[in-house]
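**Student:** File follows, data_38.csv with CSV, C-alpha atoms:
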```csv
chain,number,residue,atom,x,y,z
A,1,MET,CA,90.4,4.9,85.4
A,2,LYS,CA,93.2,2.4,84.6
A,3,ARG,CA,93.4,3.9,81.0
A,4,LYS,CA,93.8,7.3,82.5
A,5,LEU,CA,96.5,5.9,84.7
A,6,GLY,CA,98.3,4.6,81.6
A,7,GLU,CA,98.3,8.1,80.1
A,8,ILE,CA,100.4,9.3,83.1
A,9,ARG,CA,103.3,7.4,81.7
A,10,ARG,CA,103.3,9.7,78.7
A,11,ILE,CA,103.5,12.9,80.7
A,12,GLU,CA,107.1,14.1,80.3
A,13,ASP,CA,107.1,16.7,83.0
A,14,PRO,CA,107.4,14.9,86.4
A,15,VAL,CA,105.6,17.8,88.2
A,16,LYS,CA,102.6,17.5,85.9
A,17,ARG,CA,102.8,13.7,86.1
A,18,ARG,CA,102.6,13.7,89.9
A,19,ALA,CA,99.8,16.2,89.9
A,20,THR,CA,97.8,14.2,87.4
A,21,PHE,CA,98.4,11.0,89.4
A,22,ILE,CA,97.1,12.6,92.6
A,23,ALA,CA,94.0,13.9,90.8
A,24,ILE,CA,93.3,10.4,89.4
A,25,LEU,CA,93.8,8.8,92.8
A,26,SER,CA,91.5,11.5,94.3
A,27,ARG,CA,88.8,10.8,91.8
A,28,GLU,CA,89.1,7.0,92.4
A,29,MET,CA,88.7,7.6,96.1
A,30,THR,CA,85.6,9.7,95.5
A,31,LEU,CA,84.1,7.0,93.2
A,32,ARG,CA,84.5,4.5,96.0
A,33,GLY,CA,82.8,6.8,98.4
A,34,GLU,CA,86.0,7.5,100.3
A,35,ARG,CA,87.3,10.8,101.6
A,36,THR,CA,89.8,12.2,99.1
A,37,PRO,CA,93.5,12.5,100.0
A,38,VAL,CA,95.0,15.8,101.2
A,39,VAL,CA,98.4,16.5,99.9
A,40,VAL,CA,100.9,17.8,102.5
A,41,GLY,CA,104.7,18.5,102.7
A,42,GLY,CA,107.0,19.0,99.7
A,43,GLU,CA,104.4,17.9,97.1
A,44,ALA,CA,102.0,20.6,98.4
A,45,VAL,CA,104.8,23.2,97.9
A,46,GLU,CA,105.5,21.8,94.5
A,47,LEU,CA,101.8,22.2,93.5
A,48,TYR,CA,101.4,25.7,94.9
A,49,THR,CA,104.6,26.9,93.3
A,50,GLN,CA,103.6,25.1,90.0
A,51,GLY,CA,106.9,23.2,90.0
A,52,SER,CA,109.4,25.9,91.1
A,53,TYR,CA,110.0,23.7,94.1
A,54,THR,CA,110.3,20.0,93.2
A,55,THR,CA,110.1,16.9,95.3
A,56,GLY,CA,110.6,13.2,94.6
A,57,ASP,CA,107.6,11.8,96.5
A,58,ILE,CA,104.0,12.5,97.3
A,59,ASP,CA,103.0,12.8,101.0
A,60,ILE,CA,99.3,12.2,101.5
A,61,LYS,CA,96.8,12.1,104.3
A,62,SER,CA,93.9,9.7,103.5
A,63,PRO,CA,91.9,6.8,104.7
A,64,ARG,CA,94.5,4.0,104.9
A,65,ALA,CA,92.6,0.9,103.9
A,66,ALA,CA,91.1,2.4,100.7
A,67,THR,CA,94.4,4.0,99.7
A,68,VAL,CA,96.4,0.8,100.2
A,69,PHE,CA,93.7,-1.2,98.3
A,70,ILE,CA,93.8,1.2,95.3
A,71,LEU,CA,97.6,1.5,95.2
A,72,LYS,CA,97.9,-2.3,95.3
A,73,GLU,CA,95.4,-2.6,92.5
A,74,TRP,CA,97.4,-0.1,90.4
A,75,GLY,CA,100.5,-2.2,90.8
A,76,PHE,CA,102.3,-0.3,93.6
A,77,SER,CA,104.7,-2.1,95.9
A,78,LYS,CA,105.6,-1.0,99.4
A,79,LYS,CA,109.0,-0.4,100.8
A,80,GLY,CA,109.2,1.1,104.3
A,81,ARG,CA,106.3,3.5,104.4
A,82,THR,CA,106.6,4.4,100.7
A,83,TRP,CA,104.5,2.9,97.9
A,84,PHE,CA,106.1,3.0,94.5
A,85,ASN,CA,105.4,2.2,90.9
A,86,ARG,CA,108.4,1.7,88.8
A,87,GLU,CA,106.6,2.2,85.5
A,88,LEU,CA,104.9,5.4,86.5
A,89,ASP,CA,107.9,6.6,88.4
A,90,ILE,CA,105.6,7.6,91.2
A,91,TYR,CA,106.5,7.4,94.9
A,92,VAL,CA,103.7,7.8,97.5
A,93,ASP,CA,104.1,8.2,101.3
A,94,TRP,CA,101.0,7.6,103.3
A,95,VAL,CA,101.6,9.8,106.3
A,96,GLY,CA,98.3,9.4,108.2
A,97,ALA,CA,94.6,9.5,108.0
A,98,SER,CA,94.0,13.2,108.9
A,99,LEU,CA,95.9,16.4,109.3
A,100,GLU,CA,97.7,16.6,112.6
A,101,GLU,CA,97.1,20.3,112.5
A,102,GLY,CA,93.6,19.6,113.6
A,103,GLU,CA,90.0,20.1,112.5
A,104,GLU,CA,90.4,23.8,111.6
A,105,ALA,CA,93.2,22.9,109.2
A,106,GLU,CA,91.0,20.2,107.7
A,107,ASN,CA,88.3,22.8,107.1
A,108,ARG,CA,90.8,25.1,105.4
A,109,VAL,CA,92.0,22.6,102.9
A,110,THR,CA,92.2,24.1,99.3
A,111,THR,CA,90.8,22.4,96.3
A,112,ILE,CA,93.1,22.8,93.3
A,113,LYS,CA,92.0,22.4,89.7
A,114,VAL,CA,94.8,20.8,87.6
A,115,ALA,CA,92.7,19.8,84.5
A,116,LYS,CA,89.1,19.7,83.4
A,117,GLY,CA,87.4,17.5,86.0
A,118,LEU,CA,90.6,16.7,87.8
A,119,GLU,CA,91.0,18.2,91.3
A,120,ILE,CA,93.3,17.8,94.2
A,121,ARG,CA,92.9,18.7,97.8
A,122,VAL,CA,95.9,20.3,99.4
A,123,ILE,CA,96.7,21.6,102.9
A,124,SER,CA,96.0,25.4,103.0
A,125,ILE,CA,98.8,27.8,102.2
A,126,GLU,CA,98.6,29.2,105.7
A,127,ASP,CA,99.1,25.8,107.3
A,128,LEU,CA,101.8,25.0,104.8
A,129,VAL,CA,103.6,28.2,105.7
A,130,ILE,CA,103.6,27.2,109.3
A,131,ASP,CA,104.9,23.8,108.3
A,132,ARG,CA,107.8,25.4,106.4
A,133,LEU,CA,108.5,27.8,109.3
A,134,ASN,CA,108.7,24.8,111.7
A,135,ALA,CA,111.2,23.2,109.3
A,136,ALA,CA,113.2,26.4,109.2
A,137,LYS,CA,113.3,26.9,112.9
A,138,TRP,CA,113.3,23.5,114.5
A,139,TRP,CA,114.8,21.3,111.8
A,140,GLY,CA,117.4,23.8,110.6
A,141,ASP,CA,116.1,23.5,107.0
A,142,VAL,CA,117.7,26.7,105.7
A,143,ASP,CA,115.6,27.0,102.5
A,144,SER,CA,112.2,26.6,104.2
A,145,LEU,CA,111.9,30.3,105.3
A,146,MET,CA,112.4,31.3,101.7
A,147,TRP,CA,109.7,28.8,100.5
A,148,ALA,CA,107.3,30.2,103.2
A,149,LYS,CA,107.8,33.6,101.7
A,150,VAL,CA,107.2,32.3,98.2
A,151,LEU,CA,103.9,30.6,99.3
A,152,LEU,CA,102.7,33.9,100.8
A,153,GLY,CA,103.7,35.6,97.5
A,154,VAL,CA,101.7,33.0,95.5
A,155,LYS,CA,98.6,33.6,97.7
A,156,LYS,CA,98.9,37.3,97.2
A,157,ARG,CA,99.2,36.9,93.4
A,158,SER,CA,96.2,34.7,93.3
A,159,ARG,CA,94.2,37.5,94.9
A,160,GLY,CA,93.5,35.3,97.9
A,161,LYS,CA,93.4,36.9,101.3
A,162,ILE,CA,96.2,35.8,103.6
A,163,ASP,CA,94.6,35.0,106.9
A,164,ARG,CA,97.1,36.8,109.2
A,165,ALA,CA,95.0,36.2,112.3
A,166,TYR,CA,95.1,32.4,111.7
A,167,LEU,CA,98.8,32.5,110.8
A,168,GLN,CA,99.6,34.4,114.1
A,169,LYS,CA,97.5,32.0,116.1
A,170,ARG,CA,99.2,28.9,114.6
A,171,ALA,CA,102.7,30.5,114.8
A,172,LYS,CA,102.1,31.2,118.5
A,173,GLU,CA,101.1,27.6,119.1
A,174,GLU,CA,104.1,26.3,117.3
A,175,ALA,CA,106.5,28.9,118.8
A,176,VAL,CA,107.5,30.2,115.3
A,177,ALA,CA,106.1,33.7,115.6
A,178,ASP,CA,109.6,35.2,115.2
A,179,PHE,CA,110.0,33.3,111.9
A,180,LEU,CA,106.5,34.3,110.7
A,181,ALA,CA,107.4,38.0,111.4
A,182,LYS,CA,110.4,37.6,109.0
A,183,ALA,CA,108.3,36.0,106.3
A,184,LEU,CA,105.5,38.5,106.6
A,185,SER,CA,107.8,41.6,106.7
A,186,SER,CA,109.5,40.7,103.4
A,187,ASN,CA,106.2,40.1,101.8
A,188,ARG,CA,104.8,43.4,103.0
A,189,SER,CA,107.7,45.4,101.6
A,190,GLY,CA,108.0,43.2,98.4
A,191,ARG,CA,111.7,42.8,99.1
A,192,LYS,CA,113.5,39.6,98.0
A,193,ARG,CA,113.9,36.7,100.4
B,1,MET,CA,130.8,2.3,68.0
B,2,ARG,CA,128.1,2.9,70.5
B,3,GLY,CA,125.8,5.8,69.7
B,4,ALA,CA,125.5,8.9,72.0
B,5,LEU,CA,122.9,8.7,74.7
B,6,THR,CA,119.7,10.4,74.0
B,7,TYR,CA,117.6,12.4,76.5
B,8,ASP,CA,115.2,9.5,76.6
B,9,ASP,CA,118.0,7.0,77.4
B,10,LEU,CA,119.2,9.2,80.2
B,11,LYS,CA,115.6,9.6,81.5
B,12,ARG,CA,115.0,5.9,81.4
B,13,ASN,CA,118.3,5.1,83.1
B,14,ALA,CA,117.6,7.6,85.9
B,15,ILE,CA,114.1,6.2,86.5
B,16,GLU,CA,115.5,2.6,86.6
B,17,THR,CA,118.4,3.5,88.8
B,18,ARG,CA,116.2,5.3,91.3
B,19,ALA,CA,113.8,2.3,91.4
B,20,GLU,CA,116.6,-0.2,91.9
B,21,LEU,CA,118.2,1.8,94.7
B,22,PHE,CA,114.8,2.2,96.3
B,23,GLU,CA,114.1,-1.5,96.1
B,24,LYS,CA,117.4,-2.2,97.7
B,25,GLY,CA,116.5,0.1,100.5
B,26,ASP,CA,119.1,2.7,99.7
B,27,PHE,CA,116.4,5.3,99.1
B,28,LEU,CA,114.1,4.9,102.1
B,29,ARG,CA,113.0,8.0,103.8
B,30,VAL,CA,113.5,7.7,107.5
B,31,SER,CA,113.0,11.3,108.3
B,32,ARG,CA,112.2,14.6,106.6
B,33,LYS,CA,114.7,15.8,104.0
B,34,VAL,CA,116.3,19.0,105.2
B,35,ARG,CA,118.9,21.3,103.8
B,36,LYS,CA,121.4,22.4,106.5
B,37,LYS,CA,124.1,23.9,104.4
B,38,PRO,CA,123.2,27.5,103.7
B,39,ARG,CA,123.0,28.5,100.1
B,40,PRO,CA,124.8,31.7,99.0
B,41,ARG,CA,122.4,34.6,99.4
B,42,GLU,CA,122.5,35.2,95.7
B,43,ASP,CA,121.4,31.7,94.9
B,44,LEU,CA,118.6,31.9,97.3
B,45,ASN,CA,117.5,35.2,95.7
B,46,ILE,CA,117.5,33.5,92.3
B,47,LEU,CA,115.4,30.7,93.5
B,48,TYR,CA,112.9,33.1,95.1
B,49,GLU,CA,112.7,35.3,92.0
B,50,ARG,CA,112.2,32.3,89.7
B,51,ALA,CA,109.3,31.0,91.9
B,52,ILE,CA,107.7,34.4,92.0
B,53,GLU,CA,108.2,34.9,88.3
B,54,ARG,CA,106.4,31.5,87.7
B,55,ALA,CA,103.5,32.6,89.9
B,56,SER,CA,103.3,35.8,87.8
B,57,ARG,CA,103.5,34.0,84.4
B,58,TYR,CA,101.1,31.3,85.4
B,59,LYS,CA,98.9,33.5,87.6
B,60,PRO,CA,96.8,31.3,90.0
B,61,TYR,CA,93.3,32.4,90.6
B,62,TYR,CA,90.2,31.3,92.4
B,63,ASP,CA,87.2,30.3,90.3
B,64,LYS,CA,83.6,31.1,91.2
B,65,ASP,CA,83.4,27.9,93.4
B,66,GLY,CA,86.4,29.0,95.4
B,67,LYS,CA,88.7,26.5,93.9
B,68,LEU,CA,92.3,27.4,93.1
B,69,VAL,CA,93.1,27.2,89.4
B,70,LEU,CA,96.8,26.7,88.6
B,71,PRO,CA,97.3,27.5,84.9
B,72,TYR,CA,100.7,25.7,84.7
B,73,PHE,CA,98.8,22.4,84.9
B,74,LEU,CA,96.1,23.2,82.5
```
Represent the structure from my file as structure tokens, please.

**Tutor:**
Amino acid sequence: MKRKLGEIRRIEDPVKRRATFIAILSREMTLRGERTPVVVGGEAVELYTQGSYTTGDIDIKSPRAATVFILKEWGFSKKGRTWFNRELDIYVDWVGASLEEGEEAENRVTTIKVAKGLEIRVISIEDLVIDRLNAAKWWGDVDSLMWAKVLLGVKKRSRGKIDRAYLQKRAKEEAVADFLAKALSSNRSGRKR
Amino acid sequence: MRGALTYDDLKRNAIETRAELFEKGDFLRVSRKVRKKPRPREDLNILYERAIERASRYKPYYDKDGKLVLPYFL
């Protein structure tokens, strides 16, 4: 596994380097009998958009003790809540053990294949859309509505069925139904933004 | 005379600088990164189009096990 980790350094594209790192970390967690991490936040958007959106760090939900143990073993240091490895140029934020969206969101987690035998678990597109809509409405993050639309577009292009009922339910809970309507309407008509 | 910087020099410098700033605590994330300043509509359209174009060029698909395959990474 450490040899695999060393190979990451040679990956030029930071998007691919981060994805490969998460996949190797996930495999290591599995080998140790631990639950594999779930990628959330900006890194999840980066993965689903295959690098159209870029982020600097990786937000993960995973069992804390095992994650910390492995990161330390792999030469990561901690600053604030972020673990980083200068040589790999990888920054990891451990943001909790499980998804705060609840059990249903946990069951909806998507497994993504990034290479032969390398997989990553990522928060579902629907839950990520709600996360972006929250950012747009409550944080005033002006780009997030557009990224929510992109995520819906990605799901459509992958021939995955957008679970509108679940989206509506979550949007109602988070009081972002107005923003969801905007995101869905532009996707229905195929208009930009 | 010093030679011109190569792409590799710039890349290494950027990685080192980021790591140094981070170690000094200048880079700590205390809250979520948000963009408050609106982009011109045209720029936002370009970003959207590029992202959709990438999703079309590297078309994601679900394999027989229900796993999402992202061709850009393969």

**Student:** Based on all atoms listed in the file, which of the residues in chain A come within 8 Å of chain B? I want them as a tab-separated table (two decimals) with C-alpha atoms, keeping the file's coordinate frame.

**Tutor:**
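Wrote it out as part.tsv, contents follow:
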```tsv
chain	number	residue	atom	x	y	z
A	16	LYS	CA	102.60	17.50	85.90
A	48	TYR	CA	101.40	25.70	94.90
A	49	THR	CA	104.60	26.90	93.30
A	50	GLN	CA	103.60	25.10	90.00
A	52	SER	CA	109.40	25.90	91.10
A	53	TYR	CA	110.00	23.70	94.10
A	79	LYS	CA	109.00	-0.40	100.80
A	80	GLY	CA	109.20	1.10	104.30
A	82	THR	CA	106.60	4.40	100.70
A	86	ARG	CA	108.40	1.70	88.80
A	89	ASP	CA	107.90	6.60	88.40
A	110	THR	CA	92.20	24.10	99.30
A	111	THR	CA	90.80	22.40	96.30
A	112	ILE	CA	93.10	22.80	93.30
A	113	LYS	CA	92.00	22.40	89.70
A	114	VAL	CA	94.80	20.80	87.60
A	115	ALA	CA	92.70	19.80	84.50
A	116	LYS	CA	89.10	19.70	83.40
A	135	ALA	CA	111.20	23.20	109.30
A	139	TRP	CA	114.80	21.30	111.80
A	140	GLY	CA	117.40	23.80	110.60
A	141	ASP	CA	116.10	23.50	107.00
A	142	VAL	CA	117.70	26.70	105.70
A	143	ASP	CA	115.60	27.00	102.50
A	146	MET	CA	112.40	31.30	101.70
A	147	TRP	CA	109.70	28.80	100.50
A	150	VAL	CA	107.20	32.30	98.20
A	153	GLY	CA	103.70	35.60	97.50
A	154	VAL	CA	101.70	33.00	95.50
A	157	ARG	CA	99.20	36.90	93.40
A	158	SER	CA	96.20	34.70	93.30
A	159	ARG	CA	94.20	37.50	94.90
A	160	GLY	CA	93.50	35.30	97.90
A	192	LYS	CA	113.50	39.60	98.00
A	193	ARG	CA	113.90	36.70	100.40
```

**Student:** CA of Leu99 in chain A to CA of Gly75 in chain A: how many Å, to one decimal?

**Tutor:** 26.6 Å

**Student:** I'd like the neighbourhood of range 62-67 of chain A as an MDAnalysis selection string, where a residue qualifies if any of its atoms comes within 7 Å (using all atoms listed in the file), though same-chain residues fewer than 3 positions away should be ignored.

**Tutor:** chainID A and resid 35:38 70:71 96:98

**Student:** Please return as a count of residues only every residue within 12 Å of (103.1, 25.6, 107.1), taking into account all atoms listed in the file and the file's own coordinates.

**Tutor:** 43

**Student:** Mind pulling up the distance from CA of Tyr91 in chain A to CA of Gly56 in chain A?

**Tutor:**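 Computing the Euclidean distance for CA of Gly56 in chain A and CA of Tyr91 in chain A yields 7.1 Å.
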
**Student:** Just give me the residues with any atom within 12 Å of (91.2, 9.0, 85.7), file coordinates, counting only C-alpha atoms, written as a compact mmCIF listing (two decimals) with C-alpha atoms, in the frame of the given file.

**Tutor:**
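And here's selection_21.txt as it stands now:
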```txt
# COMPACT_ATOMS: atom_id res chain seq x y z
CA MET A 1 90.40 4.90 85.40
CA LYS A 2 93.20 2.40 84.60
CA ARG A 3 93.40 3.90 81.00
CA LYS A 4 93.80 7.30 82.50
CA LEU A 5 96.50 5.90 84.70
CA GLY A 6 98.30 4.60 81.60
CA GLU A 7 98.30 8.10 80.10
CA ILE A 8 100.40 9.30 83.10
CA ALA A 19 99.80 16.20 89.90
CA THR A 20 97.80 14.20 87.40
CA PHE A 21 98.40 11.00 89.40
CA ILE A 22 97.10 12.60 92.60
CA ALA A 23 94.00 13.90 90.80
CA ILE A 24 93.30 10.40 89.40
CA LEU A 25 93.80 8.80 92.80
CA SER A 26 91.50 11.50 94.30
CA ARG A 27 88.80 10.80 91.80
CA GLU A 28 89.10 7.00 92.40
CA MET A 29 88.70 7.60 96.10
CA THR A 30 85.60 9.70 95.50
CA LEU A 31 84.10 7.00 93.20
CA TRP A 74 97.40 -0.10 90.40
CA ALA A 115 92.70 19.80 84.50
CA LYS A 116 89.10 19.70 83.40
CA GLY A 117 87.40 17.50 86.00
CA LEU A 118 90.60 16.70 87.80
CA GLU A 119 91.00 18.20 91.30
```

**Student:** Take CA of Glu46 in chain A and CA of Asp13 in chain A and report the distance between them in Å, one decimal.

**Tutor:**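 Calculated distance between CA of Glu46 in chain A and CA of Asp13 in chain A is 12.7 Å.
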
**Student:** Missing atoms in range 12-36 of chain A: can you complete it with N, CA, C and O atoms, as a PDB file, in the frame of the given file?

**Tutor:**
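The resulting file, selection-v8.pdb, is shown below:
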```
ATOM      1  N   GLU A  12     105.657  13.882  80.196  1.00  0.00           N
ATOM      2  CA  GLU A  12     107.100  14.100  80.300  1.00  0.00           C
ATOM      3  C   GLU A  12     107.476  14.799  81.631  1.00  0.00           C
ATOM      4  O   GLU A  12     108.397  14.408  82.320  1.00  0.00           O
ATOM      5  N   ASP A  13     106.746  15.877  81.896  1.00  0.00           N
ATOM      6  CA  ASP A  13     107.100  16.700  83.000  1.00  0.00           C
ATOM      7  C   ASP A  13     106.700  16.007  84.344  1.00  0.00           C
ATOM      8  O   ASP A  13     105.517  15.754  84.591  1.00  0.00           O
ATOM      9  N   PRO A  14     107.700  15.666  85.184  1.00  0.00           N
ATOM     10  CA  PRO A  14     107.400  14.900  86.400  1.00  0.00           C
ATOM     11  C   PRO A  14     106.453  15.676  87.361  1.00  0.00           C
ATOM     12  O   PRO A  14     105.686  15.060  88.106  1.00  0.00           O
ATOM     13  N   VAL A  15     106.496  17.007  87.318  1.00  0.00           N
ATOM     14  CA  VAL A  15     105.600  17.800  88.200  1.00  0.00           C
ATOM     15  C   VAL A  15     104.164  17.598  87.754  1.00  0.00           C
ATOM     16  O   VAL A  15     103.280  17.351  88.581  1.00  0.00           O
ATOM     17  N   LYS A  16     103.936  17.661  86.443  1.00  0.00           N
ATOM     18  CA  LYS A  16     102.600  17.500  85.900  1.00  0.00           C
ATOM     19  C   LYS A  16     102.152  15.984  86.103  1.00  0.00           C
ATOM     20  O   LYS A  16     100.994  15.697  86.346  1.00  0.00           O
ATOM     21  N   ARG A  17     103.125  15.080  85.959  1.00  0.00           N
ATOM     22  CA  ARG A  17     102.800  13.700  86.100  1.00  0.00           C
ATOM     23  C   ARG A  17     102.315  13.366  87.534  1.00  0.00           C
ATOM     24  O   ARG A  17     101.314  12.695  87.749  1.00  0.00           O
ATOM     25  N   ARG A  18     103.042  13.914  88.517  1.00  0.00           N
ATOM     26  CA  ARG A  18     102.600  13.700  89.900  1.00  0.00           C
ATOM     27  C   ARG A  18     101.270  14.318  90.190  1.00  0.00           C
ATOM     28  O   ARG A  18     100.415  13.704  90.820  1.00  0.00           O
ATOM     29  N   ALA A  19     101.058  15.536  89.684  1.00  0.00           N
ATOM     30  CA  ALA A  19      99.800  16.200  89.900  1.00  0.00           C
ATOM     31  C   ALA A  19      98.629  15.426  89.312  1.00  0.00           C
ATOM     32  O   ALA A  19      97.581  15.239  89.944  1.00  0.00           O
ATOM     33  N   THR A  20      98.834  14.954  88.090  1.00  0.00           N
ATOM     34  CA  THR A  20      97.800  14.200  87.400  1.00  0.00           C
ATOM     35  C   THR A  20      97.491  12.893  88.170  1.00  0.00           C
ATOM     36  O   THR A  20      96.333  12.489  88.339  1.00  0.00           O
ATOM     37  N   PHE A  21      98.563  12.259  88.633  1.00  0.00           N
ATOM     38  CA  PHE A  21      98.400  11.000  89.400  1.00  0.00           C
ATOM     39  C   PHE A  21      97.513  11.259  90.635  1.00  0.00           C
ATOM     40  O   PHE A  21      96.571  10.511  90.903  1.00  0.00           O
ATOM     41  N   ILE A  22      97.847  12.301  91.383  1.00  0.00           N
ATOM     42  CA  ILE A  22      97.100  12.600  92.600  1.00  0.00           C
ATOM     43  C   ILE A  22      95.623  12.846  92.275  1.00  0.00           C
ATOM     44  O   ILE A  22      94.711  12.391  92.979  1.00  0.00           O
ATOM     45  N   ALA A  23      95.403  13.580  91.194  1.00  0.00           N
ATOM     46  CA  ALA A  23      94.000  13.900  90.800  1.00  0.00           C
ATOM     47  C   ALA A  23      93.260  12.621  90.439  1.00  0.00           C
ATOM     48  O   ALA A  23      92.084  12.473  90.800  1.00  0.00           O
ATOM     49  N   ILE A  24      93.923  11.700  89.756  1.00  0.00           N
ATOM     50  CA  ILE A  24      93.300  10.400  89.400  1.00  0.00           C
ATOM     51  C   ILE A  24      92.989   9.592  90.622  1.00  0.00           C
ATOM     52  O   ILE A  24      91.921   8.993  90.765  1.00  0.00           O
ATOM     53  N   LEU A  25      93.971   9.579  91.526  1.00  0.00           N
ATOM     54  CA  LEU A  25      93.800   8.800  92.800  1.00  0.00           C
ATOM     55  C   LEU A  25      92.603   9.457  93.570  1.00  0.00           C
ATOM     56  O   LEU A  25      91.767   8.728  94.114  1.00  0.00           O
ATOM     57  N   SER A  26      92.536  10.769  93.586  1.00  0.00           N
ATOM     58  CA  SER A  26      91.500  11.500  94.300  1.00  0.00           C
ATOM     59  C   SER A  26      90.104  11.090  93.727  1.00  0.00           C
ATOM     60  O   SER A  26      89.138  10.829  94.456  1.00  0.00           O
ATOM     61  N   ARG A  27      90.046  11.085  92.401  1.00  0.00           N
ATOM     62  CA  ARG A  27      88.800  10.800  91.800  1.00  0.00           C
ATOM     63  C   ARG A  27      88.351   9.315  92.068  1.00  0.00           C
ATOM     64  O   ARG A  27      87.194   9.031  92.321  1.00  0.00           O
ATOM     65  N   GLU A  28      89.343   8.437  92.049  1.00  0.00           N
ATOM     66  CA  GLU A  28      89.100   7.000  92.400  1.00  0.00           C
ATOM     67  C   GLU A  28      88.535   6.877  93.782  1.00  0.00           C
ATOM     68  O   GLU A  28      87.593   6.122  94.034  1.00  0.00           O
ATOM     69  N   MET A  29      89.122   7.626  94.714  1.00  0.00           N
ATOM     70  CA  MET A  29      88.700   7.600  96.100  1.00  0.00           C
ATOM     71  C   MET A  29      87.211   8.063  96.191  1.00  0.00           C
ATOM     72  O   MET A  29      86.395   7.458  96.882  1.00  0.00           O
ATOM     73  N   THR A  30      86.924   9.136  95.468  1.00  0.00           N
ATOM     74  CA  THR A  30      85.600   9.700  95.500  1.00  0.00           C
ATOM     75  C   THR A  30      84.580   8.638  94.918  1.00  0.00           C
ATOM     76  O   THR A  30      83.512   8.409  95.497  1.00  0.00           O
ATOM     77  N   LEU A  31      84.962   8.019  93.790  1.00  0.00           N
ATOM     78  CA  LEU A  31      84.100   7.000  93.200  1.00  0.00           C
ATOM     79  C   LEU A  31      83.776   5.860  94.114  1.00  0.00           C
ATOM     80  O   LEU A  31      82.731   5.237  94.048  1.00  0.00           O
ATOM     81  N   ARG A  32      84.738   5.582  94.994  1.00  0.00           N
ATOM     82  CA  ARG A  32      84.500   4.500  96.000  1.00  0.00           C
ATOM     83  C   ARG A  32      83.905   4.970  97.260  1.00  0.00           C
ATOM     84  O   ARG A  32      83.872   4.237  98.247  1.00  0.00           O
ATOM     85  N   GLY A  33      83.479   6.222  97.251  1.00  0.00           N
ATOM     86  CA  GLY A  33      82.800   6.800  98.400  1.00  0.00           C
ATOM     87  C   GLY A  33      83.710   7.069  99.585  1.00  0.00           C
ATOM     88  O   GLY A  33      83.277   7.132 100.743  1.00  0.00           O
ATOM     89  N   GLU A  34      84.987   7.256  99.293  1.00  0.00           N
ATOM     90  CA  GLU A  34      86.000   7.500 100.300  1.00  0.00           C
ATOM     91  C   GLU A  34      86.321   9.020 100.367  1.00  0.00           C
ATOM     92  O   GLU A  34      86.155   9.719  99.368  1.00  0.00           O
ATOM     93  N   ARG A  35      86.857   9.459 101.490  1.00  0.00           N
ATOM     94  CA  ARG A  35      87.300  10.800 101.600  1.00  0.00           C
ATOM     95  C   ARG A  35      88.568  10.958 100.691  1.00  0.00           C
ATOM     96  O   ARG A  35      89.416  10.046 100.634  1.00  0.00           O
ATOM     97  N   THR A  36      88.654  12.066  99.983  1.00  0.00           N
ATOM     98  CA  THR A  36      89.800  12.200  99.100  1.00  0.00           C
ATOM     99  C   THR A  36      91.059  12.599  99.814  1.00  0.00           C
ATOM    100  O   THR A  36      90.990  13.248 100.859  1.00  0.00           O
TER     101      THR A  36
END
```
